[in-house]
file data_13.txt (compact mmCIF, N, CA and C atoms)
# COMPACT_ATOMS: atom_id res chain seq x y z
N MET A 69 108.42 129.26 120.65
CA MET A 69 109.52 128.30 120.54
C MET A 69 108.94 126.88 120.53
N ILE A 70 109.34 126.08 119.57
CA ILE A 70 108.88 124.69 119.44
C ILE A 70 109.76 123.80 120.32
N THR A 71 109.11 123.01 121.15
CA THR A 71 109.86 122.09 122.01
C THR A 71 110.35 120.91 121.18
N GLN A 72 111.30 120.18 121.73
CA GLN A 72 111.85 119.00 121.05
C GLN A 72 110.75 117.96 120.83
N GLU A 73 109.85 117.79 121.81
CA GLU A 73 108.76 116.83 121.70
C GLU A 73 107.80 117.22 120.58
N GLU A 74 107.46 118.52 120.47
CA GLU A 74 106.58 118.98 119.39
C GLU A 74 107.24 118.79 118.03
N LYS A 75 108.54 119.03 117.95
CA LYS A 75 109.26 118.84 116.70
C LYS A 75 109.24 117.37 116.30
N LYS A 76 109.44 116.48 117.28
CA LYS A 76 109.44 115.05 117.00
C LYS A 76 108.07 114.61 116.49
N LYS A 77 106.98 115.08 117.11
CA LYS A 77 105.63 114.72 116.67
C LYS A 77 105.36 115.22 115.25
N SER A 78 105.83 116.41 114.91
CA SER A 78 105.55 116.98 113.60
C SER A 78 106.28 116.24 112.49
N GLU A 79 107.32 115.48 112.80
CA GLU A 79 108.04 114.73 111.79
C GLU A 79 107.19 113.62 111.20
N TYR A 80 106.13 113.22 111.89
CA TYR A 80 105.31 112.10 111.46
C TYR A 80 103.94 112.52 110.94
N LEU A 81 103.75 113.79 110.70
CA LEU A 81 102.48 114.26 110.16
C LEU A 81 102.42 113.98 108.66
N VAL A 82 101.26 113.57 108.20
CA VAL A 82 101.06 113.34 106.78
C VAL A 82 100.51 114.63 106.19
N ASN A 83 101.18 115.13 105.20
CA ASN A 83 100.78 116.39 104.59
C ASN A 83 100.62 116.20 103.09
N LYS A 84 100.11 115.03 102.70
CA LYS A 84 99.99 114.70 101.28
C LYS A 84 99.02 115.63 100.57
N TYR A 85 97.89 115.91 101.20
CA TYR A 85 96.91 116.83 100.65
C TYR A 85 96.69 117.93 101.67
N ALA A 86 97.49 118.97 101.59
CA ALA A 86 97.49 120.01 102.61
C ALA A 86 96.27 120.91 102.57
N GLY A 87 95.60 121.00 101.45
CA GLY A 87 94.47 121.93 101.35
C GLY A 87 94.96 123.33 101.05
N THR A 88 94.15 124.32 101.40
CA THR A 88 94.52 125.72 101.17
C THR A 88 94.61 126.42 102.51
N THR A 89 95.02 127.68 102.50
CA THR A 89 95.07 128.43 103.75
C THR A 89 93.67 128.63 104.31
N ALA A 90 92.67 128.72 103.44
CA ALA A 90 91.28 128.89 103.90
C ALA A 90 90.71 127.59 104.46
N THR A 91 91.14 126.45 103.90
CA THR A 91 90.64 125.14 104.34
C THR A 91 91.81 124.18 104.53
N PRO A 92 92.61 124.39 105.58
CA PRO A 92 93.76 123.50 105.78
C PRO A 92 93.33 122.06 106.05
N GLY A 93 94.02 121.13 105.40
CA GLY A 93 93.71 119.71 105.60
C GLY A 93 92.49 119.23 104.84
N LEU A 94 91.82 120.09 104.12
CA LEU A 94 90.62 119.71 103.37
C LEU A 94 90.91 119.83 101.88
N THR A 95 90.79 118.72 101.18
CA THR A 95 91.08 118.69 99.75
C THR A 95 90.04 117.82 99.06
N ASP A 96 89.75 118.13 97.82
CA ASP A 96 88.85 117.29 97.05
C ASP A 96 89.40 115.87 97.01
N ILE A 97 88.51 114.90 97.07
CA ILE A 97 88.90 113.49 97.01
C ILE A 97 89.44 113.19 95.62
N LYS A 98 90.56 112.50 95.59
CA LYS A 98 91.13 112.07 94.31
C LYS A 98 90.53 110.71 93.98
N MET A 99 89.57 110.66 93.09
CA MET A 99 88.90 109.41 92.76
C MET A 99 89.84 108.48 92.01
N PHE A 100 90.35 108.91 90.91
CA PHE A 100 91.31 108.14 90.12
C PHE A 100 92.37 109.10 89.62
N ARG A 101 93.58 108.64 89.64
CA ARG A 101 94.68 109.46 89.14
C ARG A 101 95.42 108.68 88.06
N THR A 102 96.15 109.39 87.24
CA THR A 102 96.89 108.75 86.16
C THR A 102 97.85 107.69 86.71
N GLY A 103 98.55 108.01 87.80
CA GLY A 103 99.48 107.06 88.38
C GLY A 103 98.81 105.76 88.80
N GLU A 104 97.63 105.89 89.39
CA GLU A 104 96.89 104.69 89.79
C GLU A 104 96.47 103.88 88.57
N MET A 105 96.06 104.55 87.52
CA MET A 105 95.65 103.84 86.30
C MET A 105 96.83 103.08 85.67
N TYR A 106 98.00 103.71 85.66
CA TYR A 106 99.20 103.02 85.16
C TYR A 106 99.46 101.75 85.97
N LEU A 107 99.32 101.85 87.29
CA LEU A 107 99.61 100.70 88.16
C LEU A 107 98.55 99.61 88.02
N ILE A 108 97.30 99.98 87.85
CA ILE A 108 96.24 99.00 87.64
C ILE A 108 96.49 98.24 86.33
N ARG A 109 96.79 98.99 85.28
CA ARG A 109 97.06 98.35 84.00
C ARG A 109 98.32 97.50 84.05
N ALA A 110 99.34 97.99 84.73
CA ALA A 110 100.58 97.22 84.84
C ALA A 110 100.34 95.90 85.57
N GLU A 111 99.55 95.93 86.64
CA GLU A 111 99.25 94.69 87.36
C GLU A 111 98.45 93.72 86.50
N ALA A 112 97.47 94.23 85.79
CA ALA A 112 96.66 93.37 84.92
C ALA A 112 97.51 92.76 83.80
N GLU A 113 98.36 93.56 83.19
CA GLU A 113 99.23 93.04 82.13
C GLU A 113 100.23 92.04 82.67
N ALA A 114 100.77 92.30 83.85
CA ALA A 114 101.73 91.38 84.45
C ALA A 114 101.08 90.03 84.73
N GLU A 115 99.83 90.06 85.19
CA GLU A 115 99.12 88.82 85.48
C GLU A 115 98.74 88.06 84.21
N SER A 116 98.40 88.78 83.15
CA SER A 116 97.94 88.10 81.94
C SER A 116 99.07 87.74 80.98
N THR A 117 99.98 88.67 80.74
CA THR A 117 101.04 88.42 79.76
C THR A 117 102.42 88.30 80.39
N GLY A 118 102.54 88.71 81.65
CA GLY A 118 103.84 88.69 82.31
C GLY A 118 104.73 89.86 81.93
N ASP A 119 104.17 90.83 81.19
CA ASP A 119 104.97 91.97 80.73
C ASP A 119 104.22 93.27 80.98
N ALA A 120 104.71 94.05 81.93
CA ALA A 120 104.12 95.35 82.20
C ALA A 120 105.20 96.35 82.54
N ALA A 121 106.42 96.04 82.20
CA ALA A 121 107.54 96.90 82.54
C ALA A 121 107.39 98.29 81.95
N GLY A 122 106.77 98.40 80.78
CA GLY A 122 106.60 99.70 80.13
C GLY A 122 105.79 100.66 80.98
N ASP A 123 104.65 100.22 81.48
CA ASP A 123 103.82 101.10 82.32
C ASP A 123 104.54 101.49 83.60
N LEU A 124 105.17 100.53 84.23
CA LEU A 124 105.87 100.82 85.48
C LEU A 124 107.03 101.78 85.24
N ASN A 125 107.81 101.55 84.22
CA ASN A 125 108.93 102.44 83.91
C ASN A 125 108.46 103.83 83.49
N ASN A 126 107.35 103.92 82.76
CA ASN A 126 106.81 105.23 82.38
C ASN A 126 106.37 106.02 83.60
N LEU A 127 105.72 105.36 84.54
CA LEU A 127 105.28 106.04 85.76
C LEU A 127 106.49 106.51 86.57
N ARG A 128 107.46 105.63 86.73
CA ARG A 128 108.66 106.01 87.48
C ARG A 128 109.40 107.15 86.80
N ALA A 129 109.47 107.14 85.47
CA ALA A 129 110.16 108.21 84.74
C ALA A 129 109.47 109.56 84.96
N ALA A 130 108.15 109.54 85.12
CA ALA A 130 107.41 110.78 85.37
C ALA A 130 107.62 111.28 86.81
N ARG A 131 108.05 110.40 87.70
CA ARG A 131 108.19 110.76 89.12
C ARG A 131 109.64 110.96 89.57
N ILE A 132 110.58 110.31 88.88
CA ILE A 132 111.97 110.29 89.33
C ILE A 132 112.86 110.96 88.28
N LYS A 133 113.59 111.97 88.70
CA LYS A 133 114.47 112.69 87.79
C LYS A 133 115.59 111.77 87.31
N ASP A 134 115.87 111.82 86.02
CA ASP A 134 116.93 111.02 85.40
C ASP A 134 116.76 109.52 85.63
N TYR A 135 115.53 109.07 85.65
CA TYR A 135 115.26 107.65 85.88
C TYR A 135 115.71 106.81 84.69
N GLN A 136 116.35 105.70 84.99
CA GLN A 136 116.76 104.74 83.97
C GLN A 136 115.81 103.54 84.04
N PRO A 137 115.20 103.15 82.93
CA PRO A 137 114.25 102.03 82.94
C PRO A 137 114.85 100.77 83.56
N ALA A 138 114.04 100.10 84.37
CA ALA A 138 114.47 98.88 85.04
C ALA A 138 114.05 97.67 84.24
N GLY A 139 114.84 96.62 84.37
CA GLY A 139 114.49 95.33 83.77
C GLY A 139 114.05 94.39 84.88
N PHE A 140 113.24 93.42 84.56
CA PHE A 140 112.72 92.50 85.57
C PHE A 140 112.99 91.08 85.13
N THR A 141 113.35 90.24 86.10
CA THR A 141 113.77 88.87 85.79
C THR A 141 112.61 87.94 85.51
N GLY A 142 111.41 88.30 85.94
CA GLY A 142 110.26 87.43 85.71
C GLY A 142 108.99 88.06 86.22
N LYS A 143 107.91 87.33 86.10
CA LYS A 143 106.59 87.82 86.50
C LYS A 143 106.55 88.19 87.98
N ASP A 144 107.07 87.32 88.85
CA ASP A 144 107.02 87.60 90.29
C ASP A 144 107.81 88.85 90.65
N ASP A 145 108.96 89.02 90.02
CA ASP A 145 109.79 90.20 90.26
C ASP A 145 109.05 91.47 89.83
N LEU A 146 108.39 91.40 88.69
CA LEU A 146 107.63 92.54 88.15
C LEU A 146 106.44 92.87 89.06
N ILE A 147 105.69 91.87 89.46
CA ILE A 147 104.53 92.12 90.33
C ILE A 147 104.97 92.69 91.67
N ASN A 148 106.06 92.19 92.21
CA ASN A 148 106.59 92.74 93.46
C ASN A 148 106.95 94.21 93.29
N ALA A 149 107.58 94.57 92.17
CA ALA A 149 107.93 95.97 91.89
C ALA A 149 106.68 96.84 91.76
N ILE A 150 105.64 96.30 91.15
CA ILE A 150 104.38 97.04 91.01
C ILE A 150 103.78 97.31 92.38
N TYR A 151 103.79 96.33 93.26
CA TYR A 151 103.22 96.51 94.60
C TYR A 151 104.04 97.48 95.45
N ILE A 152 105.33 97.47 95.29
CA ILE A 152 106.16 98.45 95.99
C ILE A 152 105.84 99.85 95.48
N GLU A 153 105.66 99.97 94.17
CA GLU A 153 105.32 101.28 93.59
C GLU A 153 103.93 101.73 94.05
N ARG A 154 102.97 100.80 94.13
CA ARG A 154 101.63 101.14 94.65
C ARG A 154 101.73 101.63 96.09
N PHE A 155 102.58 100.97 96.88
CA PHE A 155 102.77 101.36 98.28
C PHE A 155 103.24 102.81 98.37
N LYS A 156 104.14 103.21 97.49
CA LYS A 156 104.67 104.57 97.51
C LYS A 156 103.70 105.57 96.87
N GLU A 157 103.22 105.24 95.69
CA GLU A 157 102.38 106.16 94.92
C GLU A 157 101.04 106.44 95.60
N LEU A 158 100.46 105.43 96.24
CA LEU A 158 99.12 105.56 96.80
C LEU A 158 99.14 105.62 98.33
N ALA A 159 100.25 106.05 98.89
CA ALA A 159 100.40 106.11 100.35
C ALA A 159 99.29 106.95 100.98
N PHE A 160 98.75 106.46 102.10
CA PHE A 160 97.75 107.15 102.91
C PHE A 160 96.42 107.36 102.19
N GLU A 161 96.14 106.57 101.16
CA GLU A 161 94.90 106.72 100.42
C GLU A 161 93.96 105.53 100.61
N GLY A 162 94.32 104.57 101.46
CA GLY A 162 93.44 103.46 101.78
C GLY A 162 93.48 102.28 100.82
N HIS A 163 94.51 102.18 100.00
CA HIS A 163 94.60 101.09 99.03
C HIS A 163 95.35 99.87 99.56
N ARG A 164 96.26 100.06 100.50
CA ARG A 164 97.21 99.01 100.88
C ARG A 164 96.51 97.73 101.37
N PHE A 165 95.52 97.86 102.24
CA PHE A 165 94.83 96.68 102.76
C PHE A 165 94.23 95.85 101.63
N PHE A 166 93.62 96.50 100.67
CA PHE A 166 92.98 95.79 99.56
C PHE A 166 94.02 95.21 98.61
N ASP A 167 95.17 95.88 98.47
CA ASP A 167 96.26 95.31 97.68
C ASP A 167 96.75 94.01 98.32
N LEU A 168 96.92 94.02 99.64
CA LEU A 168 97.37 92.82 100.35
C LEU A 168 96.33 91.71 100.26
N LYS A 169 95.05 92.06 100.40
CA LYS A 169 93.97 91.06 100.30
C LYS A 169 93.95 90.42 98.91
N ARG A 170 94.13 91.23 97.88
CA ARG A 170 94.09 90.72 96.51
C ARG A 170 95.18 89.67 96.28
N ARG A 171 96.31 89.81 96.95
CA ARG A 171 97.42 88.86 96.80
C ARG A 171 97.43 87.82 97.92
N ASN A 172 96.44 87.90 98.84
CA ASN A 172 96.35 86.98 99.97
C ASN A 172 97.61 87.02 100.84
N LEU A 173 98.09 88.25 101.10
CA LEU A 173 99.28 88.47 101.89
C LEU A 173 98.91 88.98 103.28
N PRO A 174 99.73 88.73 104.29
CA PRO A 174 99.43 89.23 105.63
C PRO A 174 99.64 90.73 105.74
N VAL A 175 98.96 91.34 106.69
CA VAL A 175 99.14 92.75 107.01
C VAL A 175 100.19 92.82 108.11
N GLN A 176 101.29 93.50 107.85
CA GLN A 176 102.40 93.63 108.81
C GLN A 176 102.46 95.06 109.32
N ARG A 177 102.61 95.20 110.64
CA ARG A 177 102.80 96.54 111.22
C ARG A 177 104.04 96.52 112.11
N LEU A 178 104.59 97.68 112.33
CA LEU A 178 105.69 97.81 113.27
C LEU A 178 105.12 97.75 114.68
N PRO A 179 105.85 97.21 115.64
CA PRO A 179 105.34 97.15 117.03
C PRO A 179 104.91 98.52 117.57
N GLU A 180 105.65 99.57 117.22
CA GLU A 180 105.29 100.90 117.72
C GLU A 180 104.00 101.42 117.09
N ASP A 181 103.56 100.84 115.97
CA ASP A 181 102.29 101.22 115.36
C ASP A 181 101.12 100.42 115.91
N ALA A 182 101.40 99.44 116.76
CA ALA A 182 100.36 98.56 117.29
C ALA A 182 100.26 98.65 118.80
N ILE A 183 100.57 99.79 119.37
CA ILE A 183 100.57 99.96 120.82
C ILE A 183 99.19 99.71 121.41
N ASN A 184 98.14 100.19 120.76
CA ASN A 184 96.78 100.06 121.30
C ASN A 184 96.08 98.77 120.89
N THR A 185 96.79 97.84 120.28
CA THR A 185 96.16 96.60 119.82
C THR A 185 96.78 95.37 120.45
N SER A 186 97.28 95.52 121.66
CA SER A 186 97.90 94.41 122.39
C SER A 186 99.02 93.76 121.58
N GLY A 187 99.74 94.56 120.84
CA GLY A 187 100.89 94.06 120.10
C GLY A 187 100.56 93.26 118.87
N ALA A 188 99.36 93.41 118.32
CA ALA A 188 98.97 92.67 117.11
C ALA A 188 99.69 93.29 115.92
N VAL A 189 100.83 92.71 115.57
CA VAL A 189 101.64 93.27 114.49
C VAL A 189 101.47 92.53 113.17
N LYS A 190 100.87 91.34 113.20
CA LYS A 190 100.70 90.57 111.96
C LYS A 190 99.29 90.02 111.88
N LEU A 191 98.58 90.36 110.83
CA LEU A 191 97.23 89.86 110.58
C LEU A 191 97.30 88.91 109.40
N LEU A 192 97.07 87.64 109.67
CA LEU A 192 97.15 86.61 108.64
C LEU A 192 95.83 86.48 107.88
N PRO A 193 95.88 86.06 106.62
CA PRO A 193 94.65 85.90 105.83
C PRO A 193 93.64 84.94 106.45
N ALA A 194 94.08 84.01 107.27
CA ALA A 194 93.17 83.03 107.88
C ALA A 194 92.43 83.59 109.09
N GLN A 195 92.84 84.73 109.60
CA GLN A 195 92.19 85.30 110.78
C GLN A 195 90.88 85.99 110.42
N ALA A 196 89.94 86.00 111.37
CA ALA A 196 88.61 86.57 111.12
C ALA A 196 88.68 88.04 110.72
N GLN A 197 89.57 88.80 111.32
CA GLN A 197 89.63 90.24 111.07
C GLN A 197 90.13 90.58 109.67
N TYR A 198 90.60 89.60 108.93
CA TYR A 198 91.07 89.83 107.57
C TYR A 198 89.91 90.12 106.62
N ALA A 199 88.71 89.66 106.98
CA ALA A 199 87.48 89.98 106.23
C ALA A 199 86.58 90.80 107.13
N PHE A 200 85.94 91.79 106.58
CA PHE A 200 85.04 92.62 107.38
C PHE A 200 83.74 91.87 107.67
N PRO A 201 83.11 92.17 108.80
CA PRO A 201 81.80 91.55 109.06
C PRO A 201 80.75 92.14 108.13
N ILE A 202 79.80 91.32 107.75
CA ILE A 202 78.69 91.80 106.92
C ILE A 202 77.62 92.33 107.86
N PRO A 203 77.13 93.55 107.65
CA PRO A 203 76.12 94.12 108.56
C PRO A 203 74.88 93.24 108.65
N ALA A 204 74.30 93.16 109.85
CA ALA A 204 73.12 92.33 110.11
C ALA A 204 71.97 92.72 109.19
N LEU A 205 71.81 94.00 108.92
CA LEU A 205 70.73 94.45 108.03
C LEU A 205 70.88 93.84 106.63
N GLU A 206 72.10 93.77 106.12
CA GLU A 206 72.33 93.18 104.80
C GLU A 206 71.98 91.70 104.79
N ILE A 207 72.31 91.01 105.87
CA ILE A 207 72.00 89.59 105.97
C ILE A 207 70.50 89.37 106.08
N SER A 208 69.80 90.24 106.82
CA SER A 208 68.35 90.08 106.98
C SER A 208 67.60 90.39 105.69
N VAL A 209 68.14 91.23 104.85
CA VAL A 209 67.49 91.59 103.59
C VAL A 209 67.68 90.48 102.56
N ASN A 210 68.82 89.83 102.58
CA ASN A 210 69.12 88.79 101.59
C ASN A 210 69.41 87.49 102.34
N LYS A 211 68.48 86.59 102.34
CA LYS A 211 68.62 85.33 103.09
C LYS A 211 69.72 84.42 102.51
N ASN A 212 70.20 84.70 101.32
CA ASN A 212 71.29 83.91 100.73
C ASN A 212 72.67 84.38 101.20
N THR A 213 72.68 85.46 102.00
CA THR A 213 73.94 85.99 102.49
C THR A 213 74.28 85.37 103.83
N PHE A 214 75.54 84.99 104.00
CA PHE A 214 76.01 84.42 105.25
C PHE A 214 77.12 85.30 105.82
N GLN A 215 77.16 85.36 107.13
CA GLN A 215 78.18 86.14 107.81
C GLN A 215 79.56 85.55 107.55
N ASN A 216 80.55 86.41 107.45
CA ASN A 216 81.93 85.94 107.33
C ASN A 216 82.29 85.14 108.58
N PRO A 217 83.11 84.11 108.46
CA PRO A 217 83.43 83.24 109.60
C PRO A 217 83.97 84.01 110.80
N ASN A 218 83.61 83.52 111.99
CA ASN A 218 84.10 84.03 113.28
C ASN A 218 83.56 85.40 113.68
N TYR A 219 82.49 85.87 113.02
CA TYR A 219 81.83 87.11 113.45
C TYR A 219 80.48 86.78 114.01
call {"tool": "encode", "arguments": {"input": "data_13.txt", "output": "structure tokens"}}
result
Amino acid sequence: MITQEEKKKSEYLVNKYAGTTATPGLTDIKMFRTGEMYLIRAEAEAESTGDAAGDLNNLRAARIKDYQPAGFTGKDDLINAIYIERFKELAFEGHRFFDLKRRNLPVQRLPEDAINTSGAVKLLPAQAQYAFPIPALEISVNKNTFQNPNY
């Protein structure tokens, strides 16, 4: 019999790549997927020409039953839609932090997700932790390399 507490914990398990019965939780790494390529191209086109609605709508049509193509009011609206789609399409794959860095946006967490971090729910681009420290070995090998600020 599953207790209420066990049921509640299981609601938050990520089962995106379940693996097989022989190797549960173990799956080949997905290096690049078609969905990711559509989103990369859509972002590049949106930045250069301001028009990438085709790629975004094609990806959504492949994922959403009876999807009706969306229109976008401008470049910012389109880029925001691309980032929301990246958030959904690439969930739990380690892309979000780099997406936020590329746009120089803060990292936001819910308070319940930051219990072990003294309530650090917002990481701003100006904070030291927004850039990773460069390993000392790398700095010693290349004298032209400098440590990221505040490390």
call {"tool": "closest_residue", "arguments": {"input": "data_13.txt", "among": "A:Ala138, A:Tyr219, A:Glu113, A:Gly93", "to": "Asn125 (chain A)", "atoms": "only N, CA and C atoms"}}
result
A:Ala138
call {"tool": "atom_distance", "arguments": {"input": "data_13.txt", "atom1": "atom N of Leu191 (chain A)", "atom2": "atom N of Arg177 (chain A)"}}
result
6.3 Å
call {"tool": "atom_distance", "arguments": {"input": "data_13.txt", "atom1": "atom N of Phe165 (chain A)", "atom2": "atom N of Leu178 (chain A)"}}
result
13.6 Å
call {"tool": "atom_distance", "arguments": {"input": "data_13.txt", "atom1": "atom C of Ala86 (chain A)", "atom2": "atom N of Phe160 (chain A)"}}
result
14.7 Å
call {"tool": "closest_residue", "arguments": {"input": "data_13.txt", "among": "A:Pro203, A:Pro137, A:Pro92, A:Pro174", "to": "Gln215 (chain A)", "atoms": "only C-alpha atoms"}}
result
A:Pro203
call {"tool": "axis_aligned_box", "arguments": {"input": "data_13.txt", "around": "region 155-163 of chain A", "padding_each_side": "6 Å", "output": "AutoDock Vina command-line options"}}
result
--center_x 99.1 --center_y 103.6 --center_z 98.9 --size_x 23.2 --size_y 19.5 --size_z 20.0
call {"tool": "residues_around", "arguments": {"input": "data_13.txt", "residues": "region 146-150 of chain A", "least_positions_apart": "5", "cutoff": "8 Å", "atoms": "only N, CA and C atoms", "output": "list in words"}}
result
Leu107, Ala110, Glu111, Ala114, Glu115, Gly118, Asp119, Ala120, Ala121, Leu124, Gly139, Phe140, Thr141, Phe155 and Lys156 of chain A
call {"tool": "closest_residue", "arguments": {"input": "data_13.txt", "among": "A:Thr95, A:Tyr151, A:Glu161, A:Ala188", "to": "Leu173 (chain A)", "atoms": "only C-alpha atoms"}}
result
A:Tyr151
call {"tool": "select_by_dssp", "arguments": {"input": "data_13.txt", "residues": "chain A", "states": "strand (DSSP E or B)", "output": "PyMOL selection string"}}
result
chain A and resi 87+92+175-176+190-191
call {"tool": "closest_residue", "arguments": {"input": "data_13.txt", "among": "A:Ala159, A:Asp144, A:Thr213, A:Lys169", "to": "Ala194 (chain A)", "atoms": "only C-alpha atoms"}}
result
A:Lys169
call {"tool": "closest_residue", "arguments": {"input": "data_13.txt", "among": "A:Thr88, A:Pro217, A:Lys143, A:Ser186", "to": "Ala199 (chain A)", "atoms": "only N, CA and C atoms"}}
result
A:Pro217
call {"tool": "select_by_dssp", "arguments": {"input": "data_13.txt", "residues": "region 69-215 of chain A", "states": "helix (DSSP H, G or I)", "output": "PyMOL selection string"}}
result
chain A and resi 72-78+102-116+121-131+143-157+164-170+179-181+183-185+196-198+204-209
call {"tool": "residues_around", "arguments": {"input": "data_13.txt", "residues": "region 101-105 of chain A", "least_positions_apart": "6", "cutoff": "8 Å", "atoms": "only C-alpha atoms", "output": "ChimeraX atom specification"}}
result
/A:127,154,157-158
call {"tool": "write_last_selection", "arguments": {"input": "data_13.txt", "atoms": "N, CA and C atoms", "output": "PDB file, in the frame of the given file"}}
result
ATOM      1  N   LEU A 127     105.720 105.360  84.540  1.00  0.00           N
ATOM      2  CA  LEU A 127     105.280 106.040  85.760  1.00  0.00           C
ATOM      3  C   LEU A 127     106.490 106.510  86.570  1.00  0.00           C
ATOM      4  N   ARG A 154     102.970 100.800  94.130  1.00  0.00           N
ATOM      5  CA  ARG A 154     101.630 101.140  94.650  1.00  0.00           C
ATOM      6  C   ARG A 154     101.730 101.630  96.090  1.00  0.00           C
ATOM      7  N   GLU A 157     103.220 105.240  95.690  1.00  0.00           N
ATOM      8  CA  GLU A 157     102.380 106.160  94.920  1.00  0.00           C
ATOM      9  C   GLU A 157     101.040 106.440  95.600  1.00  0.00           C
ATOM     10  N   LEU A 158     100.460 105.430  96.240  1.00  0.00           N
ATOM     11  CA  LEU A 158      99.120 105.560  96.800  1.00  0.00           C
ATOM     12  C   LEU A 158      99.140 105.620  98.330  1.00  0.00           C
TER      13      LEU A 158
END
call {"tool": "closest_residue", "arguments": {"input": "data_13.txt", "among": "A:Ile152, A:Gly122, A:Leu192, A:Gly162", "to": "Gln176 (chain A)", "atoms": "only C-alpha atoms"}}
result
A:Leu192
